[in-house]
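See structure below.
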Amino acid sequence: MKNHKRKVLVTGAGGFIGHHLVKFLKEKNYWVRGVDIKKPEFESTLADEFLMLDLRDRKNTDTATKNIDHVYNLAANMGGIGFIETVHAEIMHDNVLINTNMLESSRINKVSRFFFSSSACIYPRYMQRKSRVTALKEDTAYPADPDNEYGWEKLFTERLCMNYKKDYGLDVRIARFHNIYGPLGTWQGGREKSPAALCRKIALAKKEDTIEVWGDGKQTRSYCYIADCVEGIYRLMNSSVDTPLNIGSDRLISINQLIAIIAQIAGKKISKKHDLSKPQGVRGRNSDNTLIKRLLHWSPSTPLEVGFSHTYRWINKQIQEGKQHV
């Protein structure tokens, strides 16, 4: 059954998740407006309309949300751990402006449903001090103690969304992303996240080589493949669930184990040089998927070995085609 051409807006449509989401929604036959301050870096957008707008300006969020049914708000100033642990005021300033403007313009323009992309960074540091960490349930966000300013801004915006629902009746959906990765994402330049950085380092390595690893490699994470992420966003947006939900894999893995998986995909023998002075984030973080399984009857399922095979081969292709910054 075809979609009746509901008009949707994807902000951050020039970024990694936003670009993939635009493609996904076009396949579902939605009319899509993409908005960002930049166009997608690695391929052309499929959006029916793509507007270059700075959403820190309220006039621009009014324009972006005009005649729109559903908003998928993914626009943010963000990057990997090296970025979000060194840039603080700029991240909070820009993202609070974007999100407050988007919510108010959505209210004024009578948007019927608003999706906000939150983050696992909202979870308390005191729950993430060990490698063998307890998976994070949605109701453990409080007492609040996010591990960085990016997390504080995301938690604030979650509360703002809930209050726009309470005070104005704006129908909101909130997802807490856990380390989304895949092809067509930033893989160099300082804003890339650990999956892309490790793929790049191994792709550039010789058949037998040593790569630099931030920290001792025993810190743990779970990683969610981009196809699962956009499927989860879509299922949440079309559900009746209006409280925050984790979207992430619940397979906990150390950085050292992840390097071994990528090295095997690459067919290389990789040794590690650990740099304990570099940003590492929390010691361990994993997604508890109990709630999403119960409420949506679904959870991310792409095996790491499959997702990283796609991701590594795409990044390696970029390097082979000479697209690495020198």
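Ordering of the structure tokens sets the chain letters (A, B, ...); residue numbers start at 1 within each chain; ligands are numbered from 1 in the order shown.
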Select from segment 43-133 of chain A every residue with an atom at most 12 Å from any atom of segment 249-253 of chain A, then for each give the shortest pair of atoms and their distance in Å to one decimal, using only C-alpha atoms, rows by chain and rising number, as CSV.
residue,atom,partner,partner_atom,distance
A:Ala120,CA,A:Ser249,CA,11.7
A:Ser131,CA,A:Ile253,CA,9.1
A:Arg132,CA,A:Leu252,CA,8.3
A:Val133,CA,A:Leu252,CA,8.6
Go ahead and save the residues from that selection, with C-alpha atoms, as a PDB file, in the first residue's frame.
ATOM      1  CA  ALA A 120      23.054   7.646  24.859  1.00  0.00           C
ATOM      2  CA  SER A 131      34.016  -2.098  31.027  1.00  0.00           C
ATOM      3  CA  ARG A 132      31.555  -4.839  31.991  1.00  0.00           C
ATOM      4  CA  VAL A 133      28.790  -2.300  32.298  1.00  0.00           C
TER       5      VAL A 133
END
>> I want to know what sits within 8 Å of His88 of chain A, based on only C-alpha atoms, with residues of the same chain fewer than 4 positions away left out; could you give that as a PyMOL selection string?
In response: chain A and resi 84+92+149-150
What would the file look like if the residues just selected were written as an mmCIF file, in the first residue's frame with N, CA and C atoms?
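Saved result, again-v5.cif, follows:
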data_model
loop_
_atom_site.group_PDB
_atom_site.id
_atom_site.type_symbol
_atom_site.label_atom_id
_atom_site.label_comp_id
_atom_site.auth_asym_id
_atom_site.auth_seq_id
_atom_site.Cartn_x
_atom_site.Cartn_y
_atom_site.Cartn_z
ATOM 1 N N ILE A 84 33.474 16.250 20.808
ATOM 2 C CA ILE A 84 32.520 16.659 21.848
ATOM 3 C C ILE A 84 33.167 16.781 23.232
ATOM 4 N N MET A 92 26.660 23.369 22.902
ATOM 5 C CA MET A 92 25.450 23.647 23.671
ATOM 6 C C MET A 92 24.683 24.826 23.078
ATOM 7 N N GLU A 149 28.901 17.836 27.805
ATOM 8 C CA GLU A 149 27.926 18.912 27.597
ATOM 9 C C GLU A 149 26.943 18.577 26.479
ATOM 10 N N TYR A 150 27.401 17.806 25.499
ATOM 11 C CA TYR A 150 26.514 17.335 24.431
ATOM 12 C C TYR A 150 25.359 16.538 25.040
#
>> Ranking A:Ala13, A:Val96, A:Val111, A:Ala196 by minimum distance to Val71 of chain A and counting only C-alpha atoms, which one comes first?
In response: A:Val111
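With only C-alpha atoms as the atoms that count, the minimum distance from Ser287 of chain A to the choices A:Ser194, A:Ser239, A:Ser119, A:Gln264 is reached by A:Ser119.
For the choices A:Asn148, A:Gln257, A:Asn238, A:Asn179, the atom-to-atom distance to Val282 of chain A is smallest for A:Asn148 when using only C-alpha atoms.
The closest residue to Asn67 of chain A, picked from A:Met52, A:Val87, A:Ile122, A:Val32 and counting only C-alpha atoms, is A:Val32.
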> Restricting the calculation to only C-alpha atoms, which member of A:Gly190, A:Gly284, A:Gly79, A:Gly322 is positioned closest to Arg125 of chain A?
Replying inline: A:Gly284
> How would you write, as a ChimeraX atom specification, the set of residues in segment 76-240 of chain A that DSSP gives as helix (DSSP H, G or I)?
Replying inline: /A:81-84,89-108,120-122,125-127,138-140,149-168,194-204,226-237
Exercise: His93 of chain A partners within 12 Å, only C-alpha atoms, chain neighbours under 3 positions left out, as an mmCIF file with C-alpha atoms, in the first residue's frame:
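around-v9.cif, freshly written:
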data_model
loop_
_atom_site.group_PDB
_atom_site.id
_atom_site.type_symbol
_atom_site.label_atom_id
_atom_site.label_comp_id
_atom_site.auth_asym_id
_atom_site.auth_seq_id
_atom_site.Cartn_x
_atom_site.Cartn_y
_atom_site.Cartn_z
ATOM 1 C CA ARG A 56 19.914 28.642 14.674
ATOM 2 C CA ALA A 76 23.037 19.161 15.423
ATOM 3 C CA ASN A 77 26.550 20.465 15.840
ATOM 4 C CA MET A 78 28.334 17.279 16.823
ATOM 5 C CA VAL A 87 34.189 21.777 22.133
ATOM 6 C CA HIS A 88 31.647 22.664 24.807
ATOM 7 C CA ALA A 89 29.977 26.101 24.650
ATOM 8 C CA GLU A 90 29.613 25.988 20.853
ATOM 9 C CA VAL A 96 19.877 24.561 22.077
ATOM 10 C CA LEU A 97 19.102 27.237 19.473
ATOM 11 C CA ILE A 98 18.356 24.659 16.754
ATOM 12 C CA ASN A 99 16.098 22.552 18.951
ATOM 13 C CA THR A 100 14.199 25.348 20.697
ATOM 14 C CA GLU A 149 27.926 18.912 27.597
ATOM 15 C CA TYR A 150 26.514 17.335 24.431
ATOM 16 C CA TRP A 152 23.365 17.703 28.918
ATOM 17 C CA GLU A 153 21.995 19.561 25.899
ATOM 18 C CA LYS A 154 20.278 16.403 24.633
#
Neighbouring residues of Leu25 of chain A were defined as those with any atom within 9 Å, considering only C-alpha atoms; residues of the same chain fewer than 5 positions away were excluded. Please report them as a short mmCIF file (atom, residue, chain, number, x, y, z; two decimals) with C-alpha atoms, in the first residue's frame.
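As written to disk, around26.cif reads:
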data_model
loop_
_atom_site.label_atom_id
_atom_site.label_comp_id
_atom_site.auth_asym_id
_atom_site.auth_seq_id
_atom_site.Cartn_x
_atom_site.Cartn_y
_atom_site.Cartn_z
CA VAL A 8 7.87 15.28 6.05
CA HIS A 20 20.13 7.81 5.05
CA TYR A 30 6.87 10.24 1.35
CA TRP A 31 7.34 13.77 0.03
CA VAL A 32 10.54 14.86 1.75
CA TYR A 234 10.50 5.00 11.29
#
> Rounded to one decimal in Å, what is the spacing between atom CA of His310 of chain A and atom CA of Gly232 of chain A?
Replying inline: 19.3 Å
>> So, with only C-alpha atoms as the atoms that count, which of A:Gly18, A:Gly267, A:Gly151, A:Pro183 lies closest to Ala205 of chain A?
In response: A:Gly267
>> Could you go through segment 122-323 of chain A and tell me which residues DSSP, when run on the backbone, assigns to strand (DSSP E), listing them as an MDAnalysis selection string?
In response: chainID A and resid 172:177 180:181 208:214 220:221 224:225 245:247 253:254 269:275
Would you mind listing what lies within 7 Å of segment 291-306 of chain A as a compact mmCIF listing (two decimals) with C-alpha atoms, in the first residue's frame, with only C-alpha atoms counted and same-chain residues fewer than 4 positions away left out?
# COMPACT_ATOMS: atom_id res chain seq x y z
CA CYS A 224 24.17 0.08 15.76
CA TYR A 225 24.24 -0.18 11.96
CA ASP A 228 18.74 -0.60 11.71
CA LEU A 245 13.45 4.80 23.58
CA ASN A 246 16.96 3.41 23.05
CA GLY A 248 21.06 0.67 19.63
CA SER A 249 22.57 -2.78 19.56
CA ILE A 261 36.89 -7.78 13.69
CA HIS A 310 29.96 -2.72 4.50
> Could you name the residues that touch Ser44 of chain A at 12 Å or less, counting only C-alpha atoms, but leaving out those on the same chain fewer than 5 positions away, as a ChimeraX atom specification?
Replying inline: /A:13-15,19-20,22-23,34,38-39,50,184
What's the 8 Å shell around Asp171 of chain A, counting only C-alpha atoms, without same-chain residues fewer than 6 positions away, as an mmCIF file with N, CA and C atoms, in the first residue's frame?
data_model
loop_
_atom_site.group_PDB
_atom_site.id
_atom_site.type_symbol
_atom_site.label_atom_id
_atom_site.label_comp_id
_atom_site.auth_asym_id
_atom_site.auth_seq_id
_atom_site.Cartn_x
_atom_site.Cartn_y
_atom_site.Cartn_z
ATOM 1 N N SER A 112 2.132 17.947 13.016
ATOM 2 C CA SER A 112 1.347 16.977 13.788
ATOM 3 C C SER A 112 2.207 16.023 14.620
ATOM 4 N N ARG A 113 3.474 15.821 14.231
ATOM 5 C CA ARG A 113 4.341 14.926 15.013
ATOM 6 C C ARG A 113 5.790 15.354 14.867
ATOM 7 N N PHE A 114 6.545 15.298 15.965
ATOM 8 C CA PHE A 114 7.915 15.812 16.018
ATOM 9 C C PHE A 114 8.841 14.743 16.581
ATOM 10 N N LYS A 165 4.777 18.837 24.580
ATOM 11 C CA LYS A 165 3.640 17.910 24.525
ATOM 12 C C LYS A 165 2.627 18.256 25.625
ATOM 13 N N ASP A 242 5.424 7.728 23.149
ATOM 14 C CA ASP A 242 5.849 9.126 23.243
ATOM 15 C C ASP A 242 6.836 9.375 24.382
#
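Between atom CA of His274 of chain A and atom CA of Val213 of chain A the interatomic distance comes to 4.8 Å.
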